[in-house]
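In what follows, a single structure is set out as C-alpha cells and then discussed.
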Amino acid sequence: MADPSGSGVPAKLRGNYGIFAVIEQVLYRPPEVKDNTTSASIPGVTAFGRIAYSPPDRNLIDLYLDGGIGFVGFTPGRPLDRFGVAMAYMRISNTARTLDLDTQAFTGVQSPVRSNETLIEMIYEAHIKPGWLVAPYFQYVFRPSGGIPNPNDPSRTSRIGDAAVFGVTTTIRY
C-alpha cells in the first residue's frame with residue numbers, strides 16, 4: 001500500500017476472528033464477609049486479567065493484555081469505597097508496523113513506526129450517599145495510538161507525546 005506505483009487497492013481478505021480470555025479472582029475477604037463471589041463491590045481485594053488476540057493481517061491491534069487489582073472497604077468509615085490500579089498493553093500488528101517501514105522506504109522520511117500503547121490507571125470510587133457515586137481517576141498513556149506521528153510536527157518525524165489524563169465520573173441512581 002505504501003508503494004506510490006502500486007494500484008492503491010488493498011487486498012480483500014475474507015473473514016476475521018478474535019479470541020480472548022478473562023480471569024477474575026478474589027484475593028482476600030474480611031472474615032465477617034460471607035459472600036465470596038468475585039464481585040468487585042464486596043469488601044476485600046479482587047484482581048483481574050484479560051488477554052485477546054486477533055489476526056495481524058487484518059487488525060491494527062493483534063494483542064491486548066490488561067490486569068488490575070481493586071480494594072473495597074479499606075477506607076475507615078467508608079465501607080463501600082473502592083480503590084483500584086490497572087495496566088493495559090495494546091500491540092500494533094506486524095502488518096501495520098511493516099506499512100510504516102514501507103512508507104519510510106518510499107518517502108525517505110524517517111517517521112515513527114507504531115509499536116504499542118501502554119497505559120496505567122488509578123481510580124477511587126467514593127460512595128457519597130446511597131445512589132450517588134463519584135469517581136476521580138488518573139491515566140497515563142505511553143505512546144498514544146502506538147506512537148503515531150505528531151500532527152503538530154511539520155516534518156512528521158516525531159511521535160505524538162505521552163498523555164496524562166485526569167477525570168471524574170459520577171453515577172446517580174434514583
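To be explicit about the labels: the chains of the C-alpha cells are called A, B, and onward in the order shown, and within each one the residues are counted from 1, while ligands get numbers from 1 in the order they are shown.
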Residues at most 12 Å from region 102-118 of chain A, counting only C-alpha atoms, excluding those fewer than 6 positions away in the same chain, as a tab-separated table (two decimals) with N, CA and C atoms, in the first residue's frame?
```tsv
chain	number	residue	atom	x	y	z
A	1	MET	N	0.82	-1.21	0.00
A	1	MET	CA	0.00	0.00	0.00
A	1	MET	C	0.86	1.26	0.00
A	2	ALA	N	2.09	1.20	0.48
A	2	ALA	CA	2.93	2.39	0.55
A	2	ALA	C	3.61	2.72	-0.77
A	3	ASP	N	3.67	1.77	-1.68
A	3	ASP	CA	4.36	1.96	-2.96
A	3	ASP	C	3.54	2.91	-3.84
A	4	PRO	N	4.10	4.09	-4.18
A	4	PRO	CA	3.33	5.03	-5.00
A	4	PRO	C	3.02	4.52	-6.40
A	5	SER	N	3.76	3.52	-6.86
A	5	SER	CA	3.46	2.96	-8.18
A	5	SER	C	2.46	1.81	-8.11
A	6	GLY	N	2.02	1.49	-6.91
A	6	GLY	CA	1.04	0.41	-6.73
A	6	GLY	C	-0.35	0.87	-7.12
A	60	LEU	N	-5.49	-3.79	13.32
A	60	LEU	CA	-4.44	-2.88	13.77
A	60	LEU	C	-3.81	-3.38	15.07
A	61	ILE	N	-4.64	-3.81	16.00
A	61	ILE	CA	-4.16	-4.34	17.29
A	61	ILE	C	-4.29	-5.86	17.21
A	62	ASP	N	-3.18	-6.57	17.37
A	62	ASP	CA	-3.27	-8.03	17.32
A	62	ASP	C	-3.16	-8.68	18.69
A	63	LEU	N	-2.67	-7.94	19.68
A	63	LEU	CA	-2.56	-8.49	21.03
A	63	LEU	C	-2.94	-7.41	22.04
A	64	TYR	N	-3.81	-7.78	22.97
A	64	TYR	CA	-4.23	-6.87	24.03
A	64	TYR	C	-4.12	-7.61	25.35
A	65	LEU	N	-3.52	-6.96	26.34
A	65	LEU	CA	-3.40	-7.52	27.69
A	65	LEU	C	-3.78	-6.44	28.69
A	66	ASP	N	-4.51	-6.79	29.72
A	66	ASP	CA	-4.69	-5.86	30.83
A	66	ASP	C	-4.92	-6.62	32.11
A	67	GLY	N	-4.76	-5.93	33.19
A	67	GLY	CA	-4.96	-6.53	34.50
A	67	GLY	C	-4.97	-5.46	35.56
A	86	ALA	N	-4.67	-0.40	37.56
A	86	ALA	CA	-4.69	-1.32	36.43
A	86	ALA	C	-3.64	-0.90	35.40
A	87	MET	N	-3.34	-1.82	34.52
A	87	MET	CA	-2.40	-1.56	33.44
A	87	MET	C	-2.94	-2.26	32.19
A	88	ALA	N	-2.70	-1.66	31.03
A	88	ALA	CA	-3.13	-2.26	29.77
A	88	ALA	C	-2.01	-2.11	28.74
A	89	TYR	N	-1.95	-3.07	27.82
A	89	TYR	CA	-0.94	-3.08	26.76
A	89	TYR	C	-1.64	-3.49	25.47
A	90	MET	N	-1.47	-2.70	24.42
A	90	MET	CA	-2.03	-3.00	23.11
A	90	MET	C	-0.89	-3.00	22.10
A	91	ARG	N	-0.67	-4.12	21.43
A	91	ARG	CA	0.42	-4.23	20.47
A	91	ARG	C	-0.10	-3.94	19.06
A	92	ILE	N	0.61	-3.07	18.37
A	92	ILE	CA	0.30	-2.80	16.97
A	92	ILE	C	0.79	-4.00	16.15
A	93	SER	N	-0.01	-4.48	15.24
A	93	SER	CA	0.32	-5.69	14.48
A	93	SER	C	1.56	-5.49	13.61
A	94	ASN	N	2.23	-6.60	13.31
A	94	ASN	CA	3.39	-6.57	12.42
A	94	ASN	C	3.04	-6.01	11.05
A	95	THR	N	1.83	-6.29	10.58
A	95	THR	CA	1.41	-5.78	9.28
A	95	THR	C	1.38	-4.26	9.27
A	96	ALA	N	0.84	-3.66	10.33
A	96	ALA	CA	0.80	-2.20	10.41
A	96	ALA	C	2.20	-1.61	10.56
A	139	GLN	N	-5.03	8.50	34.43
A	139	GLN	CA	-4.44	7.56	33.48
A	139	GLN	C	-3.19	8.20	32.89
A	140	TYR	N	-2.18	7.38	32.67
A	140	TYR	CA	-1.01	7.85	31.94
A	140	TYR	C	-0.85	6.91	30.75
A	141	VAL	N	-0.82	7.51	29.56
A	141	VAL	CA	-0.76	6.73	28.32
A	141	VAL	C	0.62	6.91	27.68
A	142	PHE	N	1.32	5.80	27.52
A	142	PHE	CA	2.61	5.79	26.84
A	142	PHE	C	2.37	5.47	25.37
A	143	ARG	N	2.90	6.27	24.46
A	143	ARG	CA	2.77	6.08	23.02
A	143	ARG	C	1.30	6.00	22.58
A	144	PRO	N	0.51	7.06	22.78
A	144	PRO	CA	-0.89	7.02	22.32
A	144	PRO	C	-0.97	6.58	20.86
A	145	SER	N	-1.94	5.75	20.57
A	145	SER	CA	-2.16	5.19	19.23
A	145	SER	C	-0.94	4.46	18.70
A	146	GLY	N	-0.12	3.95	19.59
A	146	GLY	CA	1.04	3.17	19.19
A	146	GLY	C	2.27	3.99	18.86
A	147	GLY	N	2.16	5.33	18.99
A	147	GLY	CA	3.29	6.19	18.65
A	147	GLY	C	3.18	6.79	17.27
A	148	ILE	N	1.99	7.23	16.90
A	148	ILE	CA	1.77	7.82	15.58
A	148	ILE	C	2.56	9.13	15.45
A	149	PRO	N	2.78	9.58	14.20
A	149	PRO	CA	3.47	10.86	14.02
A	149	PRO	C	2.69	12.01	14.66
A	150	ASN	N	3.42	12.96	15.20
A	150	ASN	CA	2.82	14.13	15.83
A	150	ASN	C	2.24	15.03	14.74
A	151	PRO	N	0.93	15.28	14.73
A	151	PRO	CA	0.34	16.12	13.67
A	151	PRO	C	0.82	17.58	13.75
A	153	ASP	N	3.95	18.43	14.16
A	153	ASP	CA	5.33	18.45	13.67
A	153	ASP	C	5.28	18.43	12.14
A	154	PRO	N	5.60	19.56	11.49
A	154	PRO	CA	5.52	19.60	10.02
A	154	PRO	C	6.42	18.57	9.33
A	155	SER	N	7.52	18.18	9.99
A	155	SER	CA	8.41	17.19	9.38
A	155	SER	C	7.88	15.77	9.53
A	156	ARG	N	6.92	15.58	10.42
A	156	ARG	CA	6.30	14.26	10.70
A	156	ARG	C	7.34	13.22	11.12
A	157	THR	N	8.43	13.68	11.77
A	157	THR	CA	9.48	12.76	12.21
A	157	THR	C	9.42	12.46	13.70
A	158	SER	N	8.62	13.19	14.45
A	158	SER	CA	8.49	12.90	15.89
A	158	SER	C	7.14	12.25	16.15
A	159	ARG	N	7.10	11.44	17.16
A	159	ARG	CA	5.83	10.78	17.50
A	159	ARG	C	5.04	11.67	18.45
A	160	ILE	N	3.76	11.41	18.50
A	160	ILE	CA	2.90	12.14	19.42
A	160	ILE	C	3.36	11.83	20.85
A	161	GLY	N	3.27	12.80	21.73
A	161	GLY	CA	3.77	12.64	23.09
A	161	GLY	C	2.87	11.79	23.96
A	162	ASP	N	3.44	11.33	25.06
A	162	ASP	CA	2.66	10.60	26.06
A	162	ASP	C	1.57	11.53	26.61
A	163	ALA	N	0.56	10.94	27.24
A	163	ALA	CA	-0.57	11.74	27.71
A	163	ALA	C	-0.92	11.40	29.15
```
| message | What parts of region 33-106 of chain A does DSSP call helix (DSSP H, G or I)? I'd like the answer as a VMD selection string. | response | chain A and resid 94 to 106
| task | Go ahead and compute the interatomic distance for CA of Pro79 (chain A) and CA of Ile123 (chain A), in Å to one decimal. | result | 16.2 Å
| request: Please identify which residues in region 20-173 of chain A DSSP calls strand (DSSP E or B) from the backbone, and express them as a PyMOL selection string. | output: chain A and resi 20-28+44-53+61-72+75+78+82-92+116-129+132-142+149+159+163-172
| request: Counting only C-alpha atoms, figure out which residue out of A:Ile42, A:Leu27, A:Val165, A:Ile120 gets nearest to Leu80 (chain A). | output: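 Of A:Ile42, A:Leu27, A:Val165, A:Ile120, the one nearest Leu80 (chain A) is A:Ile42, counting only C-alpha atoms.
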| query | From the list A:Met122, A:Ala164, A:Ile172, A:Val26, which residue is nearest Val134 (chain A) when using only C-alpha atoms? | reply |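 Under the stated criterion, the closest residue is A:Ile172.
For the choices A:Val9, A:Val22, A:Ile69, A:Val85, the atom-to-atom distance to Gly44 (chain A) is smallest for A:Ile69 when using only C-alpha atoms.
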| said: Which residues are near Trp132 (chain A)? Cut-off 12 Å, only C-alpha atoms, ignore same chain within fewer than 5 positions. Put them as a list in words. | reply: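 Non-adjacent residues within range: Leu80, Asp81, Glu125, Ala126, His127, Thr169, Thr170, Thr171, Ile172, Arg173 and Tyr174 of chain A.
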Can I get the selection written as a short mmCIF file (atom, residue, chain, number, x, y, z; two decimals), in the first residue's frame, with N, CA, C and O atoms?
```
data_model
loop_
_atom_site.label_atom_id
_atom_site.label_comp_id
_atom_site.auth_asym_id
_atom_site.auth_seq_id
_atom_site.Cartn_x
_atom_site.Cartn_y
_atom_site.Cartn_z
N LEU A 80 -18.00 1.05 51.42
CA LEU A 80 -18.29 0.75 50.02
C LEU A 80 -17.30 1.38 49.04
O LEU A 80 -17.32 1.05 47.85
N ASP A 81 -16.44 2.29 49.50
CA ASP A 81 -15.49 2.94 48.60
C ASP A 81 -14.49 1.93 48.05
O ASP A 81 -14.13 0.96 48.71
N GLU A 125 -13.35 5.21 43.82
CA GLU A 125 -14.80 5.36 43.73
C GLU A 125 -15.34 5.66 45.11
O GLU A 125 -15.26 4.83 46.02
N ALA A 126 -15.88 6.86 45.27
CA ALA A 126 -16.42 7.29 46.56
C ALA A 126 -17.94 7.23 46.51
O ALA A 126 -18.56 7.88 45.67
N HIS A 127 -18.52 6.47 47.42
CA HIS A 127 -19.98 6.40 47.56
C HIS A 127 -20.39 7.54 48.48
O HIS A 127 -20.28 7.43 49.70
N THR A 169 -15.89 10.82 37.03
CA THR A 169 -17.21 10.38 36.58
C THR A 169 -18.13 10.35 37.78
O THR A 169 -17.68 10.27 38.93
N THR A 170 -19.40 10.41 37.52
CA THR A 170 -20.38 10.31 38.60
C THR A 170 -21.54 9.47 38.12
O THR A 170 -21.87 9.46 36.92
N THR A 171 -22.13 8.76 39.03
CA THR A 171 -23.30 7.94 38.74
C THR A 171 -24.37 8.29 39.76
O THR A 171 -24.09 8.31 40.98
N ILE A 172 -25.55 8.57 39.27
CA ILE A 172 -26.68 8.86 40.16
C ILE A 172 -27.77 7.85 39.81
O ILE A 172 -28.22 7.78 38.66
N ARG A 173 -28.18 7.09 40.80
CA ARG A 173 -29.29 6.13 40.61
C ARG A 173 -30.46 6.59 41.46
O ARG A 173 -30.32 6.79 42.66
N TYR A 174 -31.60 6.69 40.84
CA TYR A 174 -32.78 7.15 41.57
C TYR A 174 -33.96 6.29 41.24
O TYR A 174 -33.97 5.51 40.35
#
```
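Around Phe20 (chain A), within 7 Å and counting only C-alpha atoms, the residues found are Ile51, Ala52 and Tyr53 of chain A, once anything fewer than 5 positions away on its own chain is removed.
Put simply, CA of Asn59 (chain A) is 18.5 Å away from CA of Gly8 (chain A).
Candidate residues A:Leu101, A:Val72, A:Leu13, A:Gly84 were compared for distance to Phe48 (chain A), and the nearest is A:Gly84, using only C-alpha atoms.
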| Polymer residues at most 8 Å from region 34-41 of chain A, only C-alpha atoms, same-chain spacing of 4 or more positions, as JSON, numbers by chain | {"A": [24, 25, 26, 29, 45, 46, 70, 72, 80, 82]}
Go ahead and dump the residues you just picked, C-alpha atoms, as a PDB file, in the first residue's frame.
```
ATOM      1  CA  GLU A  24     -11.178 -12.690  37.985  1.00  0.00           C
ATOM      2  CA  GLN A  25     -10.047 -13.804  41.406  1.00  0.00           C
ATOM      3  CA  VAL A  26     -10.824 -12.913  44.996  1.00  0.00           C
ATOM      4  CA  ARG A  29     -12.221 -11.092  52.015  1.00  0.00           C
ATOM      5  CA  VAL A  45      -9.322  -7.458  47.418  1.00  0.00           C
ATOM      6  CA  THR A  46     -10.004  -8.706  43.895  1.00  0.00           C
ATOM      7  CA  GLY A  70      -9.154  -3.464  43.438  1.00  0.00           C
ATOM      8  CA  VAL A  72     -13.059  -2.267  48.673  1.00  0.00           C
ATOM      9  CA  LEU A  80     -18.287   0.752  50.020  1.00  0.00           C
ATOM     10  CA  ARG A  82     -13.144   1.289  46.145  1.00  0.00           C
TER      11      ARG A  82
END
```
| said: Using only C-alpha atoms, can you tell me which of A:Ile128, A:Ile23, A:Asp100, A:Gly15 comes closest to Gly77 (chain A)? | reply: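 Closest candidate: A:Ile128.
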| Of the candidates A:Pro43, A:Pro76, A:Pro136, A:Gly49, which one gets nearest to Val168 (chain A) if we count only C-alpha atoms? |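 That would be A:Pro136, the residue with the smallest distance to Val168 (chain A).
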